[in-house]
file model_0.txt (compact mmCIF, N, CA and C atoms)
# COMPACT_ATOMS: atom_id res chain seq x y z
N SER P 1 -5.03 15.13 -10.03
CA SER P 1 -4.44 14.91 -8.72
C SER P 1 -3.24 15.82 -8.55
N SER P 2 -2.89 16.08 -7.27
CA SER P 2 -1.67 16.83 -6.99
C SER P 2 -1.09 16.35 -5.66
N VAL P 3 0.23 16.30 -5.63
CA VAL P 3 0.95 15.88 -4.44
C VAL P 3 2.09 16.86 -4.22
N SER P 4 2.25 17.32 -2.97
CA SER P 4 3.36 18.21 -2.65
C SER P 4 3.89 17.91 -1.25
N GLU P 5 5.20 17.97 -1.12
CA GLU P 5 5.88 17.81 0.17
C GLU P 5 5.41 16.58 0.93
N SER P 6 5.28 15.45 0.25
CA SER P 6 4.72 14.24 0.84
C SER P 6 5.54 13.02 0.48
N PHE P 7 5.39 11.96 1.27
CA PHE P 7 5.97 10.65 0.98
C PHE P 7 4.82 9.73 0.58
N ILE P 8 4.89 9.22 -0.64
CA ILE P 8 3.82 8.37 -1.17
C ILE P 8 4.41 7.00 -1.50
N SER P 9 3.87 5.95 -0.93
CA SER P 9 4.33 4.59 -1.19
C SER P 9 3.82 4.09 -2.53
N GLN P 10 4.50 3.08 -3.04
CA GLN P 10 4.02 2.43 -4.26
C GLN P 10 2.65 1.81 -3.99
N GLY P 11 1.85 1.77 -5.02
CA GLY P 11 0.54 1.14 -4.90
C GLY P 11 -0.56 2.07 -4.43
N CYS P 12 -0.26 3.34 -4.21
CA CYS P 12 -1.30 4.30 -3.85
C CYS P 12 -2.00 4.79 -5.11
N ARG P 13 -3.27 5.15 -4.97
CA ARG P 13 -4.00 5.79 -6.06
C ARG P 13 -4.48 7.14 -5.55
N ILE P 14 -4.00 8.18 -6.20
CA ILE P 14 -4.34 9.53 -5.76
C ILE P 14 -5.06 10.25 -6.90
N ASP P 15 -6.33 10.52 -6.69
CA ASP P 15 -7.12 11.28 -7.64
C ASP P 15 -7.48 12.65 -7.06
N GLY P 16 -7.10 12.89 -5.80
CA GLY P 16 -7.36 14.17 -5.14
C GLY P 16 -6.06 14.89 -4.86
N LYS P 17 -5.96 15.56 -3.70
CA LYS P 17 -4.79 16.35 -3.34
C LYS P 17 -4.17 15.82 -2.05
N VAL P 18 -2.83 15.77 -2.02
CA VAL P 18 -2.09 15.34 -0.83
C VAL P 18 -1.00 16.37 -0.59
N HIS P 19 -0.93 16.89 0.65
CA HIS P 19 0.06 17.92 0.99
C HIS P 19 0.65 17.62 2.36
N ARG P 20 1.97 17.64 2.47
CA ARG P 20 2.71 17.42 3.72
C ARG P 20 2.18 16.19 4.48
N SER P 21 2.09 15.06 3.79
CA SER P 21 1.54 13.85 4.40
C SER P 21 2.35 12.62 4.01
N ILE P 22 2.08 11.52 4.70
CA ILE P 22 2.73 10.23 4.44
C ILE P 22 1.63 9.22 4.16
N LEU P 23 1.73 8.55 3.00
CA LEU P 23 0.74 7.54 2.62
C LEU P 23 1.44 6.20 2.44
N SER P 24 0.94 5.18 3.12
CA SER P 24 1.46 3.82 3.02
C SER P 24 0.89 3.13 1.79
N PRO P 25 1.39 1.93 1.47
CA PRO P 25 0.91 1.21 0.28
C PRO P 25 -0.60 0.96 0.31
N GLY P 26 -1.21 1.06 -0.87
CA GLY P 26 -2.63 0.73 -1.02
C GLY P 26 -3.60 1.81 -0.64
N VAL P 27 -3.12 3.00 -0.26
CA VAL P 27 -4.03 4.08 0.11
C VAL P 27 -4.69 4.63 -1.15
N VAL P 28 -5.98 4.92 -1.04
CA VAL P 28 -6.73 5.51 -2.14
C VAL P 28 -7.27 6.86 -1.68
N VAL P 29 -6.94 7.90 -2.43
CA VAL P 29 -7.47 9.24 -2.20
C VAL P 29 -8.33 9.56 -3.42
N GLU P 30 -9.64 9.52 -3.23
CA GLU P 30 -10.54 9.68 -4.36
C GLU P 30 -10.64 11.13 -4.85
N GLU P 31 -11.27 11.29 -5.98
CA GLU P 31 -11.41 12.59 -6.61
C GLU P 31 -12.05 13.60 -5.66
N GLY P 32 -11.47 14.79 -5.60
CA GLY P 32 -12.00 15.85 -4.77
C GLY P 32 -11.61 15.75 -3.31
N ALA P 33 -10.97 14.66 -2.91
CA ALA P 33 -10.53 14.50 -1.51
C ALA P 33 -9.20 15.22 -1.30
N GLU P 34 -8.98 15.69 -0.06
CA GLU P 34 -7.75 16.35 0.32
C GLU P 34 -7.19 15.70 1.57
N VAL P 35 -5.87 15.49 1.59
CA VAL P 35 -5.18 14.97 2.76
C VAL P 35 -4.05 15.95 3.06
N ILE P 36 -4.06 16.53 4.27
CA ILE P 36 -3.10 17.56 4.63
C ILE P 36 -2.53 17.25 6.02
N ASP P 37 -1.20 17.30 6.14
CA ASP P 37 -0.53 17.13 7.44
C ASP P 37 -0.97 15.86 8.16
N SER P 38 -1.06 14.76 7.43
CA SER P 38 -1.59 13.52 7.99
C SER P 38 -0.70 12.32 7.68
N VAL P 39 -0.90 11.25 8.45
CA VAL P 39 -0.24 9.97 8.22
C VAL P 39 -1.34 8.94 8.00
N ILE P 40 -1.32 8.31 6.83
CA ILE P 40 -2.37 7.38 6.45
C ILE P 40 -1.73 6.02 6.18
N PHE P 41 -2.12 5.01 6.96
CA PHE P 41 -1.52 3.69 6.84
C PHE P 41 -2.23 2.82 5.79
N HIS P 42 -1.69 1.64 5.58
CA HIS P 42 -2.03 0.69 4.52
C HIS P 42 -3.53 0.54 4.25
N ASP P 43 -3.84 0.51 2.95
CA ASP P 43 -5.16 0.13 2.45
C ASP P 43 -6.31 0.95 3.02
N THR P 44 -6.05 2.22 3.28
CA THR P 44 -7.10 3.12 3.74
C THR P 44 -7.71 3.84 2.54
N ARG P 45 -9.01 4.05 2.58
CA ARG P 45 -9.71 4.73 1.50
C ARG P 45 -10.28 6.04 2.01
N ILE P 46 -10.00 7.12 1.29
CA ILE P 46 -10.52 8.45 1.62
C ILE P 46 -11.48 8.83 0.51
N GLY P 47 -12.75 8.93 0.87
CA GLY P 47 -13.82 9.08 -0.11
C GLY P 47 -13.85 10.42 -0.83
N ASN P 48 -14.58 10.42 -1.90
CA ASN P 48 -14.76 11.58 -2.77
C ASN P 48 -15.20 12.80 -1.96
N GLY P 49 -14.48 13.91 -2.15
CA GLY P 49 -14.86 15.16 -1.51
C GLY P 49 -14.54 15.28 -0.04
N SER P 50 -13.86 14.30 0.54
CA SER P 50 -13.52 14.37 1.97
C SER P 50 -12.28 15.23 2.19
N ARG P 51 -12.19 15.78 3.37
CA ARG P 51 -11.03 16.60 3.75
C ARG P 51 -10.48 16.05 5.06
N VAL P 52 -9.19 15.65 5.04
CA VAL P 52 -8.54 15.04 6.20
C VAL P 52 -7.33 15.89 6.55
N VAL P 53 -7.36 16.52 7.73
CA VAL P 53 -6.29 17.41 8.15
C VAL P 53 -5.82 16.99 9.55
N LYS P 54 -4.52 16.84 9.69
CA LYS P 54 -3.90 16.53 10.99
C LYS P 54 -4.50 15.27 11.62
N ALA P 55 -4.50 14.19 10.81
CA ALA P 55 -5.08 12.93 11.27
C ALA P 55 -4.06 11.80 11.11
N ILE P 56 -4.23 10.78 11.93
CA ILE P 56 -3.48 9.53 11.79
C ILE P 56 -4.51 8.43 11.65
N ALA P 57 -4.48 7.77 10.49
CA ALA P 57 -5.42 6.69 10.22
C ALA P 57 -4.65 5.38 10.17
N ASP P 58 -5.03 4.44 11.02
CA ASP P 58 -4.41 3.12 11.03
C ASP P 58 -4.80 2.37 9.76
N LYS P 59 -4.40 1.12 9.66
CA LYS P 59 -4.65 0.31 8.47
C LYS P 59 -6.13 0.03 8.25
N ASN P 60 -6.48 -0.09 6.96
CA ASN P 60 -7.82 -0.52 6.55
C ASN P 60 -8.95 0.36 7.05
N VAL P 61 -8.72 1.65 7.14
CA VAL P 61 -9.75 2.60 7.54
C VAL P 61 -10.53 3.02 6.30
N THR P 62 -11.82 3.23 6.47
CA THR P 62 -12.65 3.76 5.38
C THR P 62 -13.23 5.09 5.83
N ILE P 63 -12.92 6.12 5.07
CA ILE P 63 -13.48 7.45 5.32
C ILE P 63 -14.45 7.72 4.17
N GLY P 64 -15.71 7.82 4.50
CA GLY P 64 -16.75 7.95 3.48
C GLY P 64 -16.67 9.25 2.68
N ASN P 65 -17.50 9.35 1.68
CA ASN P 65 -17.58 10.55 0.86
C ASN P 65 -18.04 11.75 1.68
N GLY P 66 -17.45 12.90 1.40
CA GLY P 66 -17.91 14.15 2.01
C GLY P 66 -17.63 14.30 3.49
N CYS P 67 -16.70 13.55 4.03
CA CYS P 67 -16.35 13.68 5.45
C CYS P 67 -15.38 14.85 5.66
N ILE P 68 -15.48 15.49 6.81
CA ILE P 68 -14.57 16.58 7.16
C ILE P 68 -13.91 16.21 8.49
N LEU P 69 -12.59 15.98 8.44
CA LEU P 69 -11.81 15.67 9.62
C LEU P 69 -10.77 16.77 9.77
N GLU P 70 -11.06 17.75 10.62
CA GLU P 70 -10.18 18.89 10.81
C GLU P 70 -10.10 19.23 12.28
N PRO P 71 -8.92 19.68 12.73
CA PRO P 71 -8.74 19.95 14.15
C PRO P 71 -9.58 21.09 14.70
N GLY P 72 -9.89 22.10 13.92
CA GLY P 72 -10.60 23.26 14.46
C GLY P 72 -9.76 23.89 15.56
N SER P 73 -10.39 24.33 16.62
CA SER P 73 -9.64 24.96 17.71
C SER P 73 -8.82 23.94 18.48
N GLY P 74 -9.32 22.71 18.60
CA GLY P 74 -8.59 21.64 19.28
C GLY P 74 -8.21 21.97 20.71
N ASP P 75 -8.97 22.85 21.34
CA ASP P 75 -8.59 23.32 22.67
C ASP P 75 -9.06 22.42 23.81
N LYS P 76 -9.93 21.46 23.53
CA LYS P 76 -10.43 20.54 24.55
C LYS P 76 -9.78 19.18 24.36
N PRO P 77 -9.03 18.67 25.36
CA PRO P 77 -8.39 17.36 25.23
C PRO P 77 -9.41 16.24 25.09
N ASN P 78 -8.95 15.10 24.62
CA ASN P 78 -9.81 13.93 24.51
C ASN P 78 -10.31 13.54 25.89
N THR P 79 -11.56 13.14 25.97
CA THR P 79 -12.18 12.82 27.26
C THR P 79 -11.57 11.58 27.92
N GLU P 80 -11.03 10.64 27.14
CA GLU P 80 -10.45 9.42 27.71
C GLU P 80 -8.95 9.47 27.88
N PHE P 81 -8.27 10.21 27.00
CA PHE P 81 -6.80 10.22 26.99
C PHE P 81 -6.29 11.66 26.99
N SER P 82 -6.71 12.43 27.99
CA SER P 82 -6.40 13.86 28.02
C SER P 82 -4.91 14.15 28.10
N ASP P 83 -4.13 13.27 28.69
CA ASP P 83 -2.68 13.49 28.79
C ASP P 83 -1.96 13.23 27.48
N HIS P 84 -2.57 12.46 26.58
CA HIS P 84 -1.91 12.06 25.34
C HIS P 84 -2.54 12.63 24.08
N LEU P 85 -3.79 12.95 24.12
CA LEU P 85 -4.49 13.42 22.93
C LEU P 85 -5.04 14.81 23.21
N ASN P 86 -4.13 15.80 23.07
CA ASN P 86 -4.48 17.17 23.44
C ASN P 86 -3.87 18.23 22.51
N THR P 87 -3.35 17.80 21.36
CA THR P 87 -2.70 18.74 20.44
C THR P 87 -3.49 18.95 19.15
N GLY P 88 -4.70 18.45 19.08
CA GLY P 88 -5.55 18.64 17.91
C GLY P 88 -5.59 17.49 16.94
N LEU P 89 -4.78 16.45 17.15
CA LEU P 89 -4.79 15.29 16.25
C LEU P 89 -6.14 14.59 16.25
N ILE P 90 -6.41 13.91 15.15
CA ILE P 90 -7.57 13.04 15.03
C ILE P 90 -7.03 11.64 14.80
N LEU P 91 -7.41 10.68 15.65
CA LEU P 91 -6.91 9.31 15.54
C LEU P 91 -8.02 8.35 15.12
N LEU P 92 -7.72 7.54 14.10
CA LEU P 92 -8.68 6.58 13.57
C LEU P 92 -8.09 5.18 13.70
N GLY P 93 -8.74 4.33 14.46
CA GLY P 93 -8.25 2.98 14.74
C GLY P 93 -8.39 2.03 13.56
N ASN P 94 -7.64 0.95 13.64
CA ASN P 94 -7.60 -0.10 12.62
C ASN P 94 -9.02 -0.57 12.26
N ARG P 95 -9.28 -0.68 10.95
CA ARG P 95 -10.55 -1.19 10.41
C ARG P 95 -11.76 -0.34 10.80
N SER P 96 -11.56 0.90 11.19
CA SER P 96 -12.71 1.74 11.53
C SER P 96 -13.33 2.32 10.26
N VAL P 97 -14.61 2.64 10.37
CA VAL P 97 -15.36 3.20 9.25
C VAL P 97 -15.97 4.52 9.69
N ILE P 98 -15.71 5.56 8.89
CA ILE P 98 -16.31 6.87 9.11
C ILE P 98 -17.38 7.02 8.03
N PRO P 99 -18.67 7.05 8.42
CA PRO P 99 -19.73 7.09 7.42
C PRO P 99 -19.73 8.39 6.60
N GLU P 100 -20.35 8.33 5.47
CA GLU P 100 -20.47 9.48 4.57
C GLU P 100 -21.01 10.70 5.30
N GLY P 101 -20.37 11.85 5.07
CA GLY P 101 -20.84 13.12 5.59
C GLY P 101 -20.54 13.42 7.05
N VAL P 102 -19.80 12.55 7.72
CA VAL P 102 -19.48 12.76 9.14
C VAL P 102 -18.35 13.78 9.27
N SER P 103 -18.40 14.58 10.33
CA SER P 103 -17.30 15.50 10.62
C SER P 103 -16.72 15.20 12.00
N LEU P 104 -15.38 15.26 12.07
CA LEU P 104 -14.65 15.03 13.32
C LEU P 104 -13.79 16.25 13.61
N SER P 105 -13.72 16.64 14.87
CA SER P 105 -12.88 17.75 15.29
C SER P 105 -11.63 17.24 16.00
N GLY P 106 -10.75 18.16 16.37
CA GLY P 106 -9.48 17.82 16.98
C GLY P 106 -9.60 17.02 18.27
N ASN P 107 -8.55 16.26 18.56
CA ASN P 107 -8.46 15.41 19.75
C ASN P 107 -9.55 14.35 19.79
N SER P 108 -10.07 14.02 18.61
CA SER P 108 -11.09 12.97 18.50
C SER P 108 -10.43 11.61 18.33
N LEU P 109 -11.11 10.60 18.81
CA LEU P 109 -10.62 9.23 18.73
C LEU P 109 -11.73 8.31 18.25
N VAL P 110 -11.43 7.54 17.22
CA VAL P 110 -12.35 6.51 16.74
C VAL P 110 -11.66 5.18 17.01
N TYR P 111 -12.25 4.37 17.86
CA TYR P 111 -11.66 3.09 18.26
C TYR P 111 -11.57 2.13 17.07
N PRO P 112 -10.66 1.16 17.15
CA PRO P 112 -10.57 0.13 16.11
C PRO P 112 -11.89 -0.61 15.96
N GLY P 113 -12.22 -0.96 14.72
CA GLY P 113 -13.39 -1.78 14.46
C GLY P 113 -14.72 -1.08 14.48
N VAL P 114 -14.74 0.23 14.65
CA VAL P 114 -16.01 0.96 14.63
C VAL P 114 -16.63 0.84 13.23
N THR P 115 -17.92 0.55 13.18
CA THR P 115 -18.62 0.41 11.90
C THR P 115 -19.66 1.53 11.77
N THR P 116 -20.33 1.57 10.65
CA THR P 116 -21.37 2.59 10.45
C THR P 116 -22.48 2.45 11.48
N ASP P 117 -22.73 1.25 11.97
CA ASP P 117 -23.78 1.02 12.97
C ASP P 117 -23.46 1.65 14.32
N ASP P 118 -22.19 1.94 14.58
CA ASP P 118 -21.78 2.49 15.87
C ASP P 118 -21.97 4.01 15.95
N TRP P 119 -22.28 4.64 14.83
CA TRP P 119 -22.40 6.10 14.79
C TRP P 119 -23.84 6.52 15.04
N SER P 120 -24.06 7.33 16.08
CA SER P 120 -25.39 7.86 16.36
C SER P 120 -25.44 9.35 16.07
N THR P 121 -24.33 9.89 15.57
CA THR P 121 -24.22 11.31 15.27
C THR P 121 -23.46 11.51 13.98
N THR P 122 -23.63 12.66 13.36
CA THR P 122 -22.85 12.97 12.15
C THR P 122 -21.73 13.95 12.46
N SER P 123 -21.57 14.27 13.74
CA SER P 123 -20.53 15.23 14.12
C SER P 123 -19.94 14.84 15.47
N LEU P 124 -18.62 14.67 15.50
CA LEU P 124 -17.93 14.37 16.75
C LEU P 124 -17.16 15.62 17.16
N GLU P 125 -17.57 16.22 18.26
CA GLU P 125 -16.98 17.47 18.72
C GLU P 125 -15.55 17.26 19.23
N THR P 126 -14.85 18.35 19.44
CA THR P 126 -13.48 18.33 19.95
C THR P 126 -13.40 17.47 21.21
N GLY P 127 -12.43 16.54 21.21
CA GLY P 127 -12.21 15.69 22.38
C GLY P 127 -13.11 14.48 22.48
N GLY P 128 -13.94 14.24 21.48
CA GLY P 128 -14.90 13.14 21.53
C GLY P 128 -14.30 11.79 21.16
N THR P 129 -15.04 10.74 21.51
CA THR P 129 -14.61 9.36 21.26
C THR P 129 -15.79 8.54 20.77
N ILE P 130 -15.54 7.69 19.78
CA ILE P 130 -16.55 6.73 19.30
C ILE P 130 -15.98 5.33 19.52
N LYS P 131 -16.77 4.48 20.17
CA LYS P 131 -16.37 3.09 20.42
C LYS P 131 -17.35 2.13 19.77
N SER P 132 -16.87 0.92 19.53
CA SER P 132 -17.72 -0.16 19.07
C SER P 132 -17.93 -1.10 20.25
N ASN P 133 -19.06 -1.76 20.28
CA ASN P 133 -19.28 -2.76 21.34
C ASN P 133 -18.25 -3.86 21.30
N SER P 134 -17.68 -4.12 20.12
CA SER P 134 -16.69 -5.19 20.00
C SER P 134 -15.27 -4.66 20.05
N SER P 135 -15.05 -3.35 20.30
CA SER P 135 -13.70 -2.78 20.32
C SER P 135 -12.91 -3.28 21.51
N ASN P 136 -11.67 -3.51 21.28
CA ASN P 136 -10.73 -3.88 22.34
C ASN P 136 -9.69 -2.79 22.44
N PRO P 137 -9.67 -2.00 23.51
CA PRO P 137 -8.73 -0.89 23.62
C PRO P 137 -7.26 -1.31 23.45
N GLN P 138 -6.94 -2.56 23.72
CA GLN P 138 -5.56 -3.01 23.62
C GLN P 138 -5.12 -3.14 22.16
N GLU P 139 -6.06 -3.13 21.19
CA GLU P 139 -5.72 -3.22 19.78
C GLU P 139 -5.12 -1.92 19.26
N MET P 140 -5.28 -0.84 19.98
CA MET P 140 -4.77 0.43 19.52
C MET P 140 -3.30 0.43 19.65
call {"tool": "encode", "arguments": {"input": "model_0.txt", "output": "structure tokens"}}
result
Amino acid sequence: SSVSESFISQGCRIDGKVHRSILSPGVVVEEGAEVIDSVIFHDTRIGNGSRVVKAIADKNVTIGNGCILEPGSGDKPNTEFSDHLNTGLILLGNRSVIPEGVSLSGNSLVYPGVTTDDWSTTSLETGGTIKSNSSNPQEM
């Protein structure tokens, strides 16, 4: 593991790489995973071989193995929140699950409570949004 220019809370397990990021208690960064320029809240798991760049993950998020979350060009604002989500960030709501091998681009939003059943694609393009039927926008 390696950590540089980051704030790491007690109780984190880092087997991958963390650079210029903030990790809350209970975060797990598995082997081969990278977290760069991101804020990761309590009890979030970042799976083996995943790459997370310029993301904010709320509590209890699961990012599966081999996921790629990177802003890319980030030139297209989010379709629902264009005034607020237009700088390339990737936002992951509380208790959301990103299935193995999924890729997300900049200005993407995953609503709270999204599960593997809510994903009909393995790639969310710039500005995209994934919702769950049980999501409540006020939980964000």
call {"tool": "atom_distance", "arguments": {"input": "model_0.txt", "atom1": "CA of Ser105 (chain P)", "atom2": "atom C of Gly11 (chain P)"}}
result
28.0 Å
call {"tool": "closest_atom_pairs", "arguments": {"input": "model_0.txt", "of": "region 47-107 of chain P", "to": "region 29-33 of chain P", "cutoff": "6.5 Å", "atoms": "only N, CA and C atoms", "output": "JSON lines"}}
result
{"residue": "P:Gly47", "atom": "C", "partner": "P:Glu30", "partner_atom": "CA", "distance": 4.9}
{"residue": "P:Asn48", "atom": "CA", "partner": "P:Glu31", "partner_atom": "C", "distance": 4.4}
{"residue": "P:Gly49", "atom": "N", "partner": "P:Gly32", "partner_atom": "C", "distance": 3.6}
{"residue": "P:Ser50", "atom": "N", "partner": "P:Ala33", "partner_atom": "CA", "distance": 3.9}
{"residue": "P:Arg51", "atom": "N", "partner": "P:Ala33", "partner_atom": "CA", "distance": 5.3}
{"residue": "P:Val52", "atom": "N", "partner": "P:Ala33", "partner_atom": "C", "distance": 6.4}
call {"tool": "write_last_selection", "arguments": {"input": "model_0.txt", "atoms": "N, CA and C atoms", "output": "PDB file, in the coordinates of the input"}}
result
ATOM      1  N   GLY P  47     -12.750   8.930   0.870  1.00  0.00           N
ATOM      2  CA  GLY P  47     -13.820   9.080  -0.110  1.00  0.00           C
ATOM      3  C   GLY P  47     -13.850  10.420  -0.830  1.00  0.00           C
ATOM      4  N   ASN P  48     -14.580  10.420  -1.900  1.00  0.00           N
ATOM      5  CA  ASN P  48     -14.760  11.580  -2.770  1.00  0.00           C
ATOM      6  C   ASN P  48     -15.200  12.800  -1.960  1.00  0.00           C
ATOM      7  N   GLY P  49     -14.480  13.910  -2.150  1.00  0.00           N
ATOM      8  CA  GLY P  49     -14.860  15.160  -1.510  1.00  0.00           C
ATOM      9  C   GLY P  49     -14.540  15.280  -0.040  1.00  0.00           C
ATOM     10  N   SER P  50     -13.860  14.300   0.540  1.00  0.00           N
ATOM     11  CA  SER P  50     -13.520  14.370   1.970  1.00  0.00           C
ATOM     12  C   SER P  50     -12.280  15.230   2.190  1.00  0.00           C
ATOM     13  N   ARG P  51     -12.190  15.780   3.370  1.00  0.00           N
ATOM     14  CA  ARG P  51     -11.030  16.600   3.750  1.00  0.00           C
ATOM     15  C   ARG P  51     -10.480  16.050   5.060  1.00  0.00           C
ATOM     16  N   VAL P  52      -9.190  15.650   5.040  1.00  0.00           N
ATOM     17  CA  VAL P  52      -8.540  15.040   6.200  1.00  0.00           C
ATOM     18  C   VAL P  52      -7.330  15.890   6.550  1.00  0.00           C
TER      19      VAL P  52
END
call {"tool": "residues_around", "arguments": {"input": "model_0.txt", "residues": "Arg13 (chain P)", "least_positions_apart": "6", "cutoff": "10 Å", "atoms": "only C-alpha atoms", "output": "number ranges by chain"}}
result
P: 1, 25-30, 45
call {"tool": "closest_residue", "arguments": {"input": "model_0.txt", "among": "P:Thr87, P:Asn60, P:Leu92, P:Lys54", "to": "His42 (chain P)", "atoms": "all atoms listed in the file"}}
result
P:Asn60
call {"tool": "residues_around", "arguments": {"input": "model_0.txt", "residues": "Ile22 (chain P)", "least_positions_apart": "2", "cutoff": "8 Å", "atoms": "all atoms listed in the file", "output": "list in words"}}
result
Glu5, Ser6, Phe7, Ile8, Ser9, Val18, His19, Arg20, Ser24, Pro25, Val35, Ile36, Asp37, Ser38, Val39, Ile40 and Phe41 of chain P
call {"tool": "closest_residue", "arguments": {"input": "model_0.txt", "among": "P:Ile90, P:Leu104, P:Cys67, P:Ile130", "to": "Asp117 (chain P)", "atoms": "only C-alpha atoms"}}
result
P:Ile130
call {"tool": "closest_residue", "arguments": {"input": "model_0.txt", "among": "P:Lys17, P:Lys76, P:Lys59, P:Lys131", "to": "Arg95 (chain P)", "atoms": "only C-alpha atoms"}}
result
P:Lys59
call {"tool": "atom_distance", "arguments": {"input": "model_0.txt", "atom1": "CA of Asn78 (chain P)", "atom2": "CA of Leu91 (chain P)"}}
result
10.5 Å
call {"tool": "closest_residue", "arguments": {"input": "model_0.txt", "among": "P:Leu69, P:Gly127, P:Val97, P:Val114", "to": "Phe81 (chain P)", "atoms": "only N, CA and C atoms"}}
result
P:Gly127
call {"tool": "select_by_dssp", "arguments": {"input": "model_0.txt", "residues": "region 32-115 of chain P", "states": "strand (DSSP E)", "output": "ChimeraX atom specification"}}
result
/P:34-36,39-40,45-46,51-53,55-57,62-63,68-69,90-92,97-98,103-104,108-110
call {"tool": "residues_around", "arguments": {"input": "model_0.txt", "residues": "Thr126 (chain P)", "least_positions_apart": "4", "cutoff": "10 Å", "atoms": "only C-alpha atoms", "output": "compact mmCIF listing (two decimals) with N, CA and C atoms, in the coordinates of the input"}}
result
# COMPACT_ATOMS: atom_id res chain seq x y z
N GLU P 70 -11.06 17.75 10.62
CA GLU P 70 -10.18 18.89 10.81
C GLU P 70 -10.10 19.23 12.28
N PRO P 71 -8.92 19.68 12.73
CA PRO P 71 -8.74 19.95 14.15
C PRO P 71 -9.58 21.09 14.70
N GLY P 72 -9.89 22.10 13.92
CA GLY P 72 -10.60 23.26 14.46
C GLY P 72 -9.76 23.89 15.56
N SER P 73 -10.39 24.33 16.62
CA SER P 73 -9.64 24.96 17.71
C SER P 73 -8.82 23.94 18.48
N GLY P 74 -9.32 22.71 18.60
CA GLY P 74 -8.59 21.64 19.28
C GLY P 74 -8.21 21.97 20.71
N ASP P 75 -8.97 22.85 21.34
CA ASP P 75 -8.59 23.32 22.67
C ASP P 75 -9.06 22.42 23.81
N LYS P 76 -9.93 21.46 23.53
CA LYS P 76 -10.43 20.54 24.55
C LYS P 76 -9.78 19.18 24.36
N PRO P 77 -9.03 18.67 25.36
CA PRO P 77 -8.39 17.36 25.23
C PRO P 77 -9.41 16.24 25.09
N ASN P 78 -8.95 15.10 24.62
CA ASN P 78 -9.81 13.93 24.51
C ASN P 78 -10.31 13.54 25.89
N THR P 79 -11.56 13.14 25.97
CA THR P 79 -12.18 12.82 27.26
C THR P 79 -11.57 11.58 27.92
N ASN P 86 -4.13 15.80 23.07
CA ASN P 86 -4.48 17.17 23.44
C ASN P 86 -3.87 18.23 22.51
N GLY P 88 -4.70 18.45 19.08
CA GLY P 88 -5.55 18.64 17.91
C GLY P 88 -5.59 17.49 16.94
N LEU P 89 -4.78 16.45 17.15
CA LEU P 89 -4.79 15.29 16.25
C LEU P 89 -6.14 14.59 16.25
N ILE P 90 -6.41 13.91 15.15
CA ILE P 90 -7.57 13.04 15.03
C ILE P 90 -7.03 11.64 14.80
N LEU P 104 -15.38 15.26 12.07
CA LEU P 104 -14.65 15.03 13.32
C LEU P 104 -13.79 16.25 13.61
N SER P 105 -13.72 16.64 14.87
CA SER P 105 -12.88 17.75 15.29
C SER P 105 -11.63 17.24 16.00
N GLY P 106 -10.75 18.16 16.37
CA GLY P 106 -9.48 17.82 16.98
C GLY P 106 -9.60 17.02 18.27
N ASN P 107 -8.55 16.26 18.56
CA ASN P 107 -8.46 15.41 19.75
C ASN P 107 -9.55 14.35 19.79
N SER P 108 -10.07 14.02 18.61
CA SER P 108 -11.09 12.97 18.50
C SER P 108 -10.43 11.61 18.33
N LEU P 109 -11.11 10.60 18.81
CA LEU P 109 -10.62 9.23 18.73
C LEU P 109 -11.73 8.31 18.25
call {"tool": "closest_residue", "arguments": {"input": "model_0.txt", "among": "P:Val110, P:Leu85, P:Leu23, P:Val102", "to": "Gly66 (chain P)", "atoms": "only N, CA and C atoms"}}
result
P:Val102
call {"tool": "axis_aligned_box", "arguments": {"input": "model_0.txt", "around": "region 63-71 of chain P", "padding_each_side": "4 Å", "output": "lines of an AutoDock Vina configuration file"}}
result
center_x = -13.4
center_y = 13.6
center_z = 7.8
size_x = 17.3
size_y = 23.0
size_z = 21.8
call {"tool": "build_atoms", "arguments": {"input": "model_0.txt", "residues": "region 24-30 of chain P", "atoms": "N, CA, C and O atoms", "output": "JSON list (two decimals), keeping the file's coordinate frame"}}
result
[["chain", "number", "residue", "atom", "x", "y", "z"],
["P", 24, "SER", "N", 0.94, 5.18, 3.12],
["P", 24, "SER", "CA", 1.46, 3.82, 3.02],
["P", 24, "SER", "C", 0.89, 3.13, 1.79],
["P", 24, "SER", "O", -0.04, 3.64, 1.16],
["P", 25, "PRO", "N", 1.39, 1.93, 1.47],
["P", 25, "PRO", "CA", 0.91, 1.21, 0.28],
["P", 25, "PRO", "C", -0.60, 0.96, 0.31],
["P", 25, "PRO", "O", -1.18, 0.69, 1.36],
["P", 26, "GLY", "N", -1.21, 1.06, -0.87],
["P", 26, "GLY", "CA", -2.63, 0.73, -1.02],
["P", 26, "GLY", "C", -3.60, 1.81, -0.64],
["P", 26, "GLY", "O", -4.82, 1.60, -0.70],
["P", 27, "VAL", "N", -3.12, 3.00, -0.26],
["P", 27, "VAL", "CA", -4.03, 4.08, 0.11],
["P", 27, "VAL", "C", -4.69, 4.63, -1.15],
["P", 27, "VAL", "O", -4.06, 4.81, -2.18],
["P", 28, "VAL", "N", -5.98, 4.92, -1.04],
["P", 28, "VAL", "CA", -6.73, 5.51, -2.14],
["P", 28, "VAL", "C", -7.27, 6.86, -1.68],
["P", 28, "VAL", "O", -7.96, 6.95, -0.66],
["P", 29, "VAL", "N", -6.94, 7.90, -2.43],
["P", 29, "VAL", "CA", -7.47, 9.24, -2.20],
["P", 29, "VAL", "C", -8.33, 9.56, -3.42],
["P", 29, "VAL", "O", -7.81, 9.80, -4.51],
["P", 30, "GLU", "N", -9.64, 9.52, -3.23],
["P", 30, "GLU", "CA", -10.54, 9.68, -4.36],
["P", 30, "GLU", "C", -10.64, 11.13, -4.85],
["P", 30, "GLU", "O", -10.18, 12.05, -4.18]]
